[in-house]
$ cat final.cif   # mmCIF, N, CA and C atoms
data_structure
loop_
_atom_site.group_PDB
_atom_site.id
_atom_site.type_symbol
_atom_site.label_atom_id
_atom_site.label_comp_id
_atom_site.auth_asym_id
_atom_site.auth_seq_id
_atom_site.Cartn_x
_atom_site.Cartn_y
_atom_site.Cartn_z
ATOM 1 N N MET A 1 0.893 -9.990 3.185
ATOM 2 C CA MET A 1 0.400 -9.782 1.834
ATOM 3 C C MET A 1 1.445 -10.288 0.846
ATOM 4 N N ASN A 2 0.962 -10.795 -0.242
ATOM 5 C CA ASN A 2 1.847 -11.293 -1.288
ATOM 6 C C ASN A 2 2.317 -10.142 -2.172
ATOM 7 N N LEU A 3 3.302 -10.395 -2.988
ATOM 8 C CA LEU A 3 3.840 -9.368 -3.879
ATOM 9 C C LEU A 3 2.807 -8.877 -4.887
ATOM 10 N N ASP A 4 1.877 -9.731 -5.282
ATOM 11 C CA ASP A 4 0.904 -9.322 -6.289
ATOM 12 C C ASP A 4 -0.332 -8.647 -5.707
ATOM 13 N N ASP A 5 -0.409 -8.502 -4.391
ATOM 14 C CA ASP A 5 -1.525 -7.803 -3.766
ATOM 15 C C ASP A 5 -1.328 -6.300 -3.900
ATOM 16 N N LYS A 6 -2.445 -5.586 -4.018
ATOM 17 C CA LYS A 6 -2.388 -4.131 -4.163
ATOM 18 C C LYS A 6 -2.022 -3.473 -2.849
ATOM 19 N N VAL A 7 -1.138 -2.489 -2.939
ATOM 20 C CA VAL A 7 -0.804 -1.641 -1.797
ATOM 21 C C VAL A 7 -1.561 -0.327 -1.949
ATOM 22 N N CYS A 8 -1.548 0.238 -3.150
ATOM 23 C CA CYS A 8 -2.274 1.470 -3.430
ATOM 24 C C CYS A 8 -3.555 1.118 -4.181
ATOM 25 N N TYR A 9 -4.684 1.247 -3.482
ATOM 26 C CA TYR A 9 -5.969 0.928 -4.086
ATOM 27 C C TYR A 9 -6.467 2.040 -5.004
ATOM 28 N N CYS A 10 -6.023 3.265 -4.801
ATOM 29 C CA CYS A 10 -6.479 4.368 -5.654
ATOM 30 C C CYS A 10 -5.943 4.230 -7.079
ATOM 31 N N PHE A 11 -4.677 3.816 -7.198
ATOM 32 C CA PHE A 11 -4.051 3.703 -8.514
ATOM 33 C C PHE A 11 -3.700 2.264 -8.884
ATOM 34 N N HIS A 12 -4.197 1.304 -8.094
ATOM 35 C CA HIS A 12 -4.041 -0.127 -8.396
ATOM 36 C C HIS A 12 -2.567 -0.524 -8.557
ATOM 37 N N VAL A 13 -1.743 -0.130 -7.586
ATOM 38 C CA VAL A 13 -0.309 -0.416 -7.625
ATOM 39 C C VAL A 13 -0.005 -1.572 -6.669
ATOM 40 N N SER A 14 0.600 -2.626 -7.204
ATOM 41 C CA SER A 14 0.894 -3.812 -6.392
ATOM 42 C C SER A 14 2.192 -3.640 -5.596
ATOM 43 N N ARG A 15 2.321 -4.479 -4.604
ATOM 44 C CA ARG A 15 3.551 -4.500 -3.807
ATOM 45 C C ARG A 15 4.744 -4.863 -4.694
ATOM 46 N N ARG A 16 4.554 -5.822 -5.602
ATOM 47 C CA ARG A 16 5.634 -6.224 -6.504
ATOM 48 C C ARG A 16 6.126 -5.037 -7.338
ATOM 49 N N LYS A 17 5.191 -4.258 -7.865
ATOM 50 C CA LYS A 17 5.581 -3.113 -8.688
ATOM 51 C C LYS A 17 6.386 -2.110 -7.858
ATOM 52 N N LEU A 18 5.959 -1.866 -6.630
ATOM 53 C CA LEU A 18 6.662 -0.924 -5.755
ATOM 54 C C LEU A 18 8.045 -1.437 -5.366
ATOM 55 N N VAL A 19 8.134 -2.717 -5.044
ATOM 56 C CA VAL A 19 9.422 -3.307 -4.666
ATOM 57 C C VAL A 19 10.387 -3.248 -5.852
ATOM 58 N N ASN A 20 9.929 -3.646 -7.022
ATOM 59 C CA ASN A 20 10.795 -3.620 -8.203
ATOM 60 C C ASN A 20 11.202 -2.199 -8.569
ATOM 61 N N TRP A 21 10.270 -1.258 -8.473
ATOM 62 C CA TRP A 21 10.584 0.138 -8.778
ATOM 63 C C TRP A 21 11.656 0.648 -7.815
ATOM 64 N N THR A 22 11.513 0.303 -6.540
ATOM 65 C CA THR A 22 12.484 0.735 -5.525
ATOM 66 C C THR A 22 13.857 0.134 -5.794
ATOM 67 N N ARG A 23 13.887 -1.125 -6.174
ATOM 68 C CA ARG A 23 15.173 -1.778 -6.460
ATOM 69 C C ARG A 23 15.846 -1.187 -7.699
ATOM 70 N N ARG A 24 15.077 -0.798 -8.693
ATOM 71 C CA ARG A 24 15.649 -0.231 -9.923
ATOM 72 C C ARG A 24 16.064 1.227 -9.772
ATOM 73 N N ASN A 25 15.285 1.993 -9.029
ATOM 74 C CA ASN A 25 15.491 3.443 -8.981
ATOM 75 C C ASN A 25 16.222 3.948 -7.746
ATOM 76 N N HIS A 26 16.346 3.128 -6.719
ATOM 77 C CA HIS A 26 17.063 3.503 -5.491
ATOM 78 C C HIS A 26 16.677 4.899 -4.996
ATOM 79 N N PRO A 27 15.402 5.107 -4.662
ATOM 80 C CA PRO A 27 14.990 6.435 -4.197
ATOM 81 C C PRO A 27 15.711 6.816 -2.900
ATOM 82 N N GLN A 28 15.963 8.093 -2.751
ATOM 83 C CA GLN A 28 16.654 8.590 -1.562
ATOM 84 C C GLN A 28 15.687 8.854 -0.412
ATOM 85 N N VAL A 29 14.412 9.080 -0.725
ATOM 86 C CA VAL A 29 13.381 9.333 0.285
ATOM 87 C C VAL A 29 12.118 8.548 -0.085
ATOM 88 N N PRO A 30 11.313 8.164 0.920
ATOM 89 C CA PRO A 30 10.110 7.368 0.637
ATOM 90 C C PRO A 30 9.117 8.048 -0.303
ATOM 91 N N SER A 31 9.028 9.356 -0.259
ATOM 92 C CA SER A 31 8.046 10.063 -1.089
ATOM 93 C C SER A 31 8.277 9.860 -2.588
ATOM 94 N N ARG A 32 9.478 9.475 -2.967
ATOM 95 C CA ARG A 32 9.762 9.212 -4.385
ATOM 96 C C ARG A 32 8.978 8.017 -4.919
ATOM 97 N N LEU A 33 8.490 7.138 -4.024
ATOM 98 C CA LEU A 33 7.705 5.999 -4.469
ATOM 99 C C LEU A 33 6.414 6.438 -5.157
ATOM 100 N N SER A 34 6.018 7.697 -4.964
ATOM 101 C CA SER A 34 4.831 8.208 -5.657
ATOM 102 C C SER A 34 5.045 8.240 -7.168
ATOM 103 N N GLU A 35 6.304 8.204 -7.590
ATOM 104 C CA GLU A 35 6.605 8.168 -9.025
ATOM 105 C C GLU A 35 6.299 6.800 -9.629
ATOM 106 N N CYS A 36 6.004 5.840 -8.790
ATOM 107 C CA CYS A 36 5.637 4.498 -9.249
ATOM 108 C C CYS A 36 4.116 4.425 -9.347
ATOM 109 N N GLY A 37 3.601 4.804 -10.469
ATOM 110 C CA GLY A 37 2.165 4.707 -10.726
ATOM 111 C C GLY A 37 1.298 5.627 -9.910
ATOM 112 N N GLY A 38 1.880 6.637 -9.274
ATOM 113 C CA GLY A 38 1.090 7.577 -8.479
ATOM 114 C C GLY A 38 0.784 7.096 -7.070
ATOM 115 N N ALA A 39 1.391 5.992 -6.666
ATOM 116 C CA ALA A 39 1.121 5.430 -5.340
ATOM 117 C C ALA A 39 1.279 6.480 -4.246
ATOM 118 N N GLY A 40 0.313 6.511 -3.345
ATOM 119 C CA GLY A 40 0.373 7.426 -2.210
ATOM 120 C C GLY A 40 -0.168 8.812 -2.473
ATOM 121 N N THR A 41 -0.617 9.083 -3.698
ATOM 122 C CA THR A 41 -1.094 10.436 -4.013
ATOM 123 C C THR A 41 -2.617 10.528 -4.072
ATOM 124 N N GLY A 42 -3.299 9.440 -3.714
ATOM 125 C CA GLY A 42 -4.765 9.436 -3.717
ATOM 126 C C GLY A 42 -5.292 9.742 -2.331
ATOM 127 N N CYS A 43 -5.877 8.740 -1.696
ATOM 128 C CA CYS A 43 -6.491 8.936 -0.378
ATOM 129 C C CYS A 43 -5.467 9.028 0.748
ATOM 130 N N GLY A 44 -4.247 8.572 0.499
ATOM 131 C CA GLY A 44 -3.193 8.660 1.504
ATOM 132 C C GLY A 44 -3.047 7.439 2.388
ATOM 133 N N TRP A 45 -3.965 6.491 2.293
ATOM 134 C CA TRP A 45 -3.922 5.301 3.139
ATOM 135 C C TRP A 45 -2.598 4.557 3.049
ATOM 136 N N CYS A 46 -2.054 4.421 1.869
ATOM 137 C CA CYS A 46 -0.889 3.548 1.687
ATOM 138 C C CYS A 46 0.446 4.209 2.034
ATOM 139 N N ILE A 47 0.468 5.476 2.355
ATOM 140 C CA ILE A 47 1.730 6.173 2.615
ATOM 141 C C ILE A 47 2.578 5.491 3.695
ATOM 142 N N PRO A 48 2.011 5.099 4.843
ATOM 143 C CA PRO A 48 2.849 4.413 5.837
ATOM 144 C C PRO A 48 3.428 3.097 5.305
ATOM 145 N N PHE A 49 2.704 2.441 4.419
ATOM 146 C CA PHE A 49 3.170 1.177 3.864
ATOM 147 C C PHE A 49 4.233 1.406 2.795
ATOM 148 N N LEU A 50 4.135 2.518 2.085
ATOM 149 C CA LEU A 50 5.201 2.881 1.134
ATOM 150 C C LEU A 50 6.498 3.124 1.900
ATOM 151 N N LYS A 51 6.386 3.763 3.055
ATOM 152 C CA LYS A 51 7.564 4.004 3.888
ATOM 153 C C LYS A 51 8.168 2.682 4.362
ATOM 154 N N GLN A 52 7.312 1.707 4.687
ATOM 155 C CA GLN A 52 7.806 0.401 5.106
ATOM 156 C C GLN A 52 8.548 -0.291 3.960
ATOM 157 N N ILE A 53 7.985 -0.215 2.759
ATOM 158 C CA ILE A 53 8.647 -0.817 1.595
ATOM 159 C C ILE A 53 9.989 -0.136 1.367
ATOM 160 N N PHE A 54 10.025 1.181 1.468
ATOM 161 C CA PHE A 54 11.269 1.933 1.302
ATOM 162 C C PHE A 54 12.326 1.458 2.303
ATOM 163 N N ARG A 55 11.948 1.384 3.586
ATOM 164 C CA ARG A 55 12.890 0.958 4.627
ATOM 165 C C ARG A 55 13.346 -0.481 4.407
ATOM 166 N N GLN A 56 12.404 -1.340 4.034
ATOM 167 C CA GLN A 56 12.749 -2.743 3.829
ATOM 168 C C GLN A 56 13.736 -2.904 2.680
ATOM 169 N N GLU A 57 13.506 -2.212 1.589
ATOM 170 C CA GLU A 57 14.382 -2.345 0.427
ATOM 171 C C GLU A 57 15.710 -1.624 0.618
ATOM 172 N N ALA A 58 15.755 -0.632 1.502
ATOM 173 C CA ALA A 58 17.003 0.085 1.774
ATOM 174 C C ALA A 58 17.890 -0.688 2.749
ATOM 175 N N ALA A 59 17.327 -1.683 3.422
ATOM 176 C CA ALA A 59 18.089 -2.459 4.397
ATOM 177 C C ALA A 59 19.164 -3.292 3.705
ATOM 178 N N ALA A 60 20.211 -3.607 4.446
ATOM 179 C CA ALA A 60 21.305 -4.418 3.899
ATOM 180 C C ALA A 60 20.799 -5.780 3.447
ATOM 181 N N ASP A 61 19.850 -6.342 4.188
ATOM 182 C CA ASP A 61 19.264 -7.637 3.842
ATOM 183 C C ASP A 61 17.748 -7.494 3.873
ATOM 184 N N PRO A 62 17.133 -7.091 2.746
ATOM 185 C CA PRO A 62 15.684 -6.856 2.724
ATOM 186 C C PRO A 62 14.858 -8.049 3.203
ATOM 187 N N ALA A 63 15.319 -9.262 2.949
ATOM 188 C CA ALA A 63 14.569 -10.445 3.369
ATOM 189 C C ALA A 63 14.510 -10.567 4.894
ATOM 190 N N ALA A 64 15.477 -9.992 5.581
ATOM 191 C CA ALA A 64 15.513 -10.066 7.041
ATOM 192 C C ALA A 64 14.588 -9.034 7.678
ATOM 193 N N GLU A 65 14.247 -7.995 6.952
ATOM 194 C CA GLU A 65 13.368 -6.943 7.458
ATOM 195 C C GLU A 65 11.914 -7.412 7.360
ATOM 196 N N VAL A 66 11.191 -7.376 8.450
ATOM 197 C CA VAL A 66 9.773 -7.746 8.457
ATOM 198 C C VAL A 66 8.984 -6.479 8.728
ATOM 199 N N ASN A 67 7.942 -6.260 7.926
ATOM 200 C CA ASN A 67 7.094 -5.100 8.163
ATOM 201 C C ASN A 67 5.638 -5.541 8.220
ATOM 202 N N GLU A 68 4.766 -4.605 8.465
ATOM 203 C CA GLU A 68 3.346 -4.905 8.639
ATOM 204 C C GLU A 68 2.738 -5.575 7.405
ATOM 205 N N LEU A 69 3.219 -5.219 6.235
ATOM 206 C CA LEU A 69 2.696 -5.839 5.015
ATOM 207 C C LEU A 69 2.985 -7.332 4.968
ATOM 208 N N ASP A 70 4.017 -7.766 5.672
ATOM 209 C CA ASP A 70 4.362 -9.188 5.698
ATOM 210 C C ASP A 70 3.390 -10.006 6.535
ATOM 211 N N VAL A 71 2.700 -9.375 7.464
ATOM 212 C CA VAL A 71 1.819 -10.122 8.362
ATOM 213 C C VAL A 71 0.333 -9.907 8.088
ATOM 214 N N LEU A 72 -0.025 -8.823 7.421
ATOM 215 C CA LEU A 72 -1.432 -8.573 7.104
ATOM 216 C C LEU A 72 -1.891 -9.432 5.933
ATOM 217 N N THR A 73 -3.127 -9.896 5.999
ATOM 218 C CA THR A 73 -3.724 -10.546 4.836
ATOM 219 C C THR A 73 -4.310 -9.441 3.955
ATOM 220 N N PRO A 74 -4.549 -9.714 2.676
ATOM 221 C CA PRO A 74 -5.172 -8.702 1.824
ATOM 222 C C PRO A 74 -6.534 -8.249 2.377
ATOM 223 N N GLU A 75 -7.264 -9.162 2.985
ATOM 224 C CA GLU A 75 -8.575 -8.819 3.549
ATOM 225 C C GLU A 75 -8.430 -7.879 4.742
ATOM 226 N N GLU A 76 -7.454 -8.146 5.598
ATOM 227 C CA GLU A 76 -7.214 -7.266 6.743
ATOM 228 C C GLU A 76 -6.784 -5.879 6.273
ATOM 229 N N TYR A 77 -5.918 -5.856 5.276
ATOM 230 C CA TYR A 77 -5.442 -4.585 4.724
ATOM 231 C C TYR A 77 -6.611 -3.775 4.161
ATOM 232 N N ALA A 78 -7.490 -4.445 3.405
ATOM 233 C CA ALA A 78 -8.662 -3.771 2.821
ATOM 234 C C ALA A 78 -9.592 -3.254 3.918
ATOM 235 N N ARG A 79 -9.768 -4.040 4.973
ATOM 236 C CA ARG A 79 -10.634 -3.623 6.083
ATOM 237 C C ARG A 79 -10.044 -2.396 6.787
ATOM 238 N N LEU A 80 -8.742 -2.402 7.028
ATOM 239 C CA LEU A 80 -8.102 -1.255 7.674
ATOM 240 C C LEU A 80 -8.221 -0.009 6.811
ATOM 241 N N ARG A 81 -8.082 -0.180 5.493
ATOM 242 C CA ARG A 81 -8.250 0.956 4.589
ATOM 243 C C ARG A 81 -9.680 1.479 4.655
ATOM 244 N N ALA A 82 -10.654 0.579 4.684
ATOM 245 C CA ALA A 82 -12.057 0.996 4.775
ATOM 246 C C ALA A 82 -12.294 1.790 6.059
ATOM 247 N N ASP A 83 -11.725 1.338 7.171
ATOM 248 C CA ASP A 83 -11.859 2.060 8.431
ATOM 249 C C ASP A 83 -11.237 3.452 8.330
ATOM 250 N N TYR A 84 -10.087 3.533 7.676
ATOM 251 C CA TYR A 84 -9.390 4.808 7.465
ATOM 252 C C TYR A 84 -10.277 5.777 6.676
ATOM 253 N N VAL A 85 -10.865 5.293 5.598
ATOM 254 C CA VAL A 85 -11.712 6.142 4.750
ATOM 255 C C VAL A 85 -12.983 6.532 5.497
ATOM 256 N N LYS A 86 -13.602 5.573 6.172
ATOM 257 C CA LYS A 86 -14.838 5.852 6.920
ATOM 258 C C LYS A 86 -14.622 6.876 8.016
ATOM 259 N N SER A 87 -13.425 6.904 8.585
ATOM 260 C CA SER A 87 -13.148 7.857 9.658
ATOM 261 C C SER A 87 -12.897 9.268 9.125
ATOM 262 N N GLY A 88 -12.930 9.421 7.805
ATOM 263 C CA GLY A 88 -12.767 10.739 7.204
ATOM 264 C C GLY A 88 -11.335 11.152 6.961
ATOM 265 N N LYS A 89 -10.397 10.239 7.090
ATOM 266 C CA LYS A 89 -8.986 10.582 6.929
ATOM 267 C C LYS A 89 -8.542 10.632 5.477
ATOM 268 N N GLY A 90 -9.323 10.078 4.579
ATOM 269 C CA GLY A 90 -8.949 10.079 3.169
ATOM 270 C C GLY A 90 -10.159 9.814 2.306
ATOM 271 N N LYS A 91 -10.094 10.269 1.077
ATOM 272 C CA LYS A 91 -11.200 10.058 0.146
ATOM 273 C C LYS A 91 -10.651 9.384 -1.103
ATOM 274 N N PRO A 92 -11.114 8.156 -1.382
ATOM 275 C CA PRO A 92 -10.645 7.462 -2.580
ATOM 276 C C PRO A 92 -11.001 8.231 -3.847
ATOM 277 N N LEU A 93 -10.135 8.163 -4.807
ATOM 278 C CA LEU A 93 -10.366 8.815 -6.090
ATOM 279 C C LEU A 93 -11.366 8.027 -6.915
ATOM 280 N N PRO A 94 -12.036 8.677 -7.886
ATOM 281 C CA PRO A 94 -12.884 7.916 -8.808
ATOM 282 C C PRO A 94 -12.029 6.847 -9.503
ATOM 283 N N GLY A 95 -12.554 5.650 -9.586
ATOM 284 C CA GLY A 95 -11.818 4.562 -10.208
ATOM 285 C C GLY A 95 -10.993 3.755 -9.226
ATOM 286 N N ALA A 96 -10.953 4.179 -7.968
ATOM 287 C CA ALA A 96 -10.204 3.435 -6.947
ATOM 288 C C ALA A 96 -10.937 2.143 -6.617
ATOM 289 N N GLU A 97 -10.194 1.221 -6.045
ATOM 290 C CA GLU A 97 -10.779 -0.049 -5.584
ATOM 291 C C GLU A 97 -11.913 0.274 -4.617
ATOM 292 N N PRO A 98 -13.110 -0.290 -4.827
ATOM 293 C CA PRO A 98 -14.224 -0.001 -3.908
ATOM 294 C C PRO A 98 -13.963 -0.569 -2.513
ATOM 295 N N LEU A 99 -14.591 0.041 -1.530
ATOM 296 C CA LEU A 99 -14.464 -0.434 -0.156
ATOM 297 C C LEU A 99 -15.237 -1.737 -0.005
ATOM 298 N N PRO A 100 -14.768 -2.633 0.865
ATOM 299 C CA PRO A 100 -15.480 -3.905 1.064
ATOM 300 C C PRO A 100 -16.839 -3.687 1.718
ATOM 301 N N MET A 101 -17.732 -4.624 1.510
ATOM 302 C CA MET A 101 -19.073 -4.553 2.115
ATOM 303 C C MET A 101 -19.081 -5.468 3.327
ATOM 304 N N VAL A 102 -19.793 -5.007 4.375
ATOM 305 C CA VAL A 102 -19.913 -5.775 5.609
ATOM 306 C C VAL A 102 -21.378 -5.823 5.999
ATOM 307 N N ASP A 103 -21.888 -7.021 6.242
ATOM 308 C CA ASP A 103 -23.277 -7.194 6.691
ATOM 309 C C ASP A 103 -24.261 -6.390 5.850
ATOM 310 N N ASP A 104 -24.150 -6.470 4.560
ATOM 311 C CA ASP A 104 -25.032 -5.776 3.621
ATOM 312 C C ASP A 104 -24.996 -4.268 3.768
ATOM 313 N N ASP A 105 -23.963 -3.733 4.424
ATOM 314 C CA ASP A 105 -23.827 -2.296 4.597
ATOM 315 C C ASP A 105 -22.558 -1.840 3.890
ATOM 316 N N PRO A 106 -22.700 -1.141 2.744
ATOM 317 C CA PRO A 106 -21.486 -0.698 2.045
ATOM 318 C C PRO A 106 -20.741 0.344 2.867
ATOM 319 N N MET A 107 -19.434 0.183 2.919
ATOM 320 C CA MET A 107 -18.593 1.141 3.655
ATOM 321 C C MET A 107 -18.146 2.237 2.714
ATOM 322 N N VAL A 108 -19.026 3.124 2.366
ATOM 323 C CA VAL A 108 -18.671 4.176 1.409
ATOM 324 C C VAL A 108 -18.638 5.510 2.062
#

$ encode --input "final.cif" --output "structure tokens"
Amino acid sequence: MNLDDKVCYCFHVSRRKLVNWTRRNHPQVPSRLSECGGAGTGCGWCIPFLKQIFRQEAAADPAAEVNELDVLTPEEYARLRADYVKSGKGKPLPGAEPLPMVDDDPMV
């Protein structure tokens, strides 16, 4: 995923915003990333990815750290989130990015 792709669909928080917030604020624990636009406080889908961003930015050489966000496409990420929500693990907030549609069947 690129820096401008959304990581938190509930609060529309991009990877770039999270990375920059982490670099400026130097959080001591991953949960502090929720202070960046509320990321991770909606359906919960993005929490593992917030932890990855935290670990990557805390590394001595962040560019050398590769995480799942580096290999997923935005479409794959959206599909995985839809599967997460459909399985009942989280409920998107009103105003969150809608789930993708597949074969004329909305994943709501």

$ atom_distance --input "final.cif" --atom1 "atom CA of Trp21 of chain A" --atom2 "atom N of Asp4 of chain A"
13.6 Å

$ closest_residue --input "final.cif" --among "A:Gln52, A:Pro94, A:Glu57, A:Met101" --to "Leu69 of chain A" --atoms "all atoms listed in the file"
A:Gln52

$ atom_distance --input "final.cif" --atom1 "atom CA of Glu97 of chain A" --atom2 "atom CA of Tyr9 of chain A"
5.1 Å

$ residues_around --input "final.cif" --residues "segment 25-31 of chain A" --least-positions-apart "3" --cutoff "12 Å" --atoms "only C-alpha atoms" --output "short mmCIF file (atom, residue, chain, number, x, y, z; two decimals) with N, CA and C atoms, in the coordinates of the input"
data_model
loop_
_atom_site.label_atom_id
_atom_site.label_comp_id
_atom_site.auth_asym_id
_atom_site.auth_seq_id
_atom_site.Cartn_x
_atom_site.Cartn_y
_atom_site.Cartn_z
N LYS A 17 5.19 -4.26 -7.86
CA LYS A 17 5.58 -3.11 -8.69
C LYS A 17 6.39 -2.11 -7.86
N LEU A 18 5.96 -1.87 -6.63
CA LEU A 18 6.66 -0.92 -5.76
C LEU A 18 8.04 -1.44 -5.37
N VAL A 19 8.13 -2.72 -5.04
CA VAL A 19 9.42 -3.31 -4.67
C VAL A 19 10.39 -3.25 -5.85
N ASN A 20 9.93 -3.65 -7.02
CA ASN A 20 10.80 -3.62 -8.20
C ASN A 20 11.20 -2.20 -8.57
N TRP A 21 10.27 -1.26 -8.47
CA TRP A 21 10.58 0.14 -8.78
C TRP A 21 11.66 0.65 -7.82
N THR A 22 11.51 0.30 -6.54
CA THR A 22 12.48 0.74 -5.52
C THR A 22 13.86 0.13 -5.79
N SER A 34 6.02 7.70 -4.96
CA SER A 34 4.83 8.21 -5.66
C SER A 34 5.04 8.24 -7.17
N GLU A 35 6.30 8.20 -7.59
CA GLU A 35 6.60 8.17 -9.02
C GLU A 35 6.30 6.80 -9.63
N CYS A 36 6.00 5.84 -8.79
CA CYS A 36 5.64 4.50 -9.25
C CYS A 36 4.12 4.42 -9.35
N GLY A 38 1.88 6.64 -9.27
CA GLY A 38 1.09 7.58 -8.48
C GLY A 38 0.78 7.10 -7.07
N ALA A 39 1.39 5.99 -6.67
CA ALA A 39 1.12 5.43 -5.34
C ALA A 39 1.28 6.48 -4.25
N GLY A 40 0.31 6.51 -3.34
CA GLY A 40 0.37 7.43 -2.21
C GLY A 40 -0.17 8.81 -2.47
N THR A 41 -0.62 9.08 -3.70
CA THR A 41 -1.09 10.44 -4.01
C THR A 41 -2.62 10.53 -4.07
N GLY A 44 -4.25 8.57 0.50
CA GLY A 44 -3.19 8.66 1.50
C GLY A 44 -3.05 7.44 2.39
N CYS A 46 -2.05 4.42 1.87
CA CYS A 46 -0.89 3.55 1.69
C CYS A 46 0.45 4.21 2.03
N ILE A 47 0.47 5.48 2.36
CA ILE A 47 1.73 6.17 2.62
C ILE A 47 2.58 5.49 3.70
N PRO A 48 2.01 5.10 4.84
CA PRO A 48 2.85 4.41 5.84
C PRO A 48 3.43 3.10 5.30
N PHE A 49 2.70 2.44 4.42
CA PHE A 49 3.17 1.18 3.86
C PHE A 49 4.23 1.41 2.80
N LEU A 50 4.14 2.52 2.08
CA LEU A 50 5.20 2.88 1.13
C LEU A 50 6.50 3.12 1.90
N LYS A 51 6.39 3.76 3.06
CA LYS A 51 7.56 4.00 3.89
C LYS A 51 8.17 2.68 4.36
N GLN A 52 7.31 1.71 4.69
CA GLN A 52 7.81 0.40 5.11
C GLN A 52 8.55 -0.29 3.96
N ILE A 53 7.98 -0.22 2.76
CA ILE A 53 8.65 -0.82 1.60
C ILE A 53 9.99 -0.14 1.37
N PHE A 54 10.02 1.18 1.47
CA PHE A 54 11.27 1.93 1.30
C PHE A 54 12.33 1.46 2.30
N ARG A 55 11.95 1.38 3.59
CA ARG A 55 12.89 0.96 4.63
C ARG A 55 13.35 -0.48 4.41
N GLN A 56 12.40 -1.34 4.03
CA GLN A 56 12.75 -2.74 3.83
C GLN A 56 13.74 -2.90 2.68
N GLU A 57 13.51 -2.21 1.59
CA GLU A 57 14.38 -2.35 0.43
C GLU A 57 15.71 -1.62 0.62
N ALA A 58 15.76 -0.63 1.50
CA ALA A 58 17.00 0.08 1.77
C ALA A 58 17.89 -0.69 2.75
N ALA A 59 17.33 -1.68 3.42
CA ALA A 59 18.09 -2.46 4.40
C ALA A 59 19.16 -3.29 3.70
#

$ residues_around --input "final.cif" --residues "segment 78-80 of chain A" --least-positions-apart "5" --cutoff "10 Å" --atoms "only C-alpha atoms" --output "VMD selection string"
chain A and resid 6 to 7 9 45 72 to 73 85 to 86 97 to 102 107

$ closest_residue --input "final.cif" --among "A:Arg24, A:Glu75, A:Arg32, A:Gly37" --to "His12 of chain A" --atoms "all atoms listed in the file"
A:Gly37

$ atom_distance --input "final.cif" --atom1 "atom CA of Asp5 of chain A" --atom2 "atom CA of Tyr77 of chain A"
9.9 Å

$ closest_residue --input "final.cif" --among "A:Ala96, A:Ala60, A:Val71, A:Leu33" --to "Phe11 of chain A" --atoms "all atoms listed in the file"
A:Ala96

$ axis_aligned_box --input "final.cif" --around "segment 70-87 of chain A" --padding-each-side "6 Å" --output "AutoDock Vina command-line options"
--center_x -5.2 --center_y -0.6 --center_z 5.7 --size_x 31.2 --size_y 31.8 --size_z 19.8

$ select_by_dssp --input "final.cif" --residues "chain A" --states "helix (DSSP H, G or I)" --output "PyMOL selection string"
chain A and resi 15-25+30-35+47-58+62-64+68-71+74-86

$ residues_around --input "final.cif" --residues "Gly42 of chain A" --least-positions-apart "6" --cutoff "8 Å" --atoms "only C-alpha atoms" --output "ChimeraX atom specification"
/A:10-11,91-93

$ write_last_selection --input "final.cif" --atoms "N, CA and C atoms" --output "mmCIF file, in the coordinates of the input"
data_model
loop_
_atom_site.group_PDB
_atom_site.id
_atom_site.type_symbol
_atom_site.label_atom_id
_atom_site.label_comp_id
_atom_site.auth_asym_id
_atom_site.auth_seq_id
_atom_site.Cartn_x
_atom_site.Cartn_y
_atom_site.Cartn_z
ATOM 1 N N CYS A 10 -6.023 3.265 -4.801
ATOM 2 C CA CYS A 10 -6.479 4.368 -5.654
ATOM 3 C C CYS A 10 -5.943 4.230 -7.079
ATOM 4 N N PHE A 11 -4.677 3.816 -7.198
ATOM 5 C CA PHE A 11 -4.051 3.703 -8.514
ATOM 6 C C PHE A 11 -3.700 2.264 -8.884
ATOM 7 N N LYS A 91 -10.094 10.269 1.077
ATOM 8 C CA LYS A 91 -11.200 10.058 0.146
ATOM 9 C C LYS A 91 -10.651 9.384 -1.103
ATOM 10 N N PRO A 92 -11.114 8.156 -1.382
ATOM 11 C CA PRO A 92 -10.645 7.462 -2.580
ATOM 12 C C PRO A 92 -11.001 8.231 -3.847
ATOM 13 N N LEU A 93 -10.135 8.163 -4.807
ATOM 14 C CA LEU A 93 -10.366 8.815 -6.090
ATOM 15 C C LEU A 93 -11.366 8.027 -6.915
#
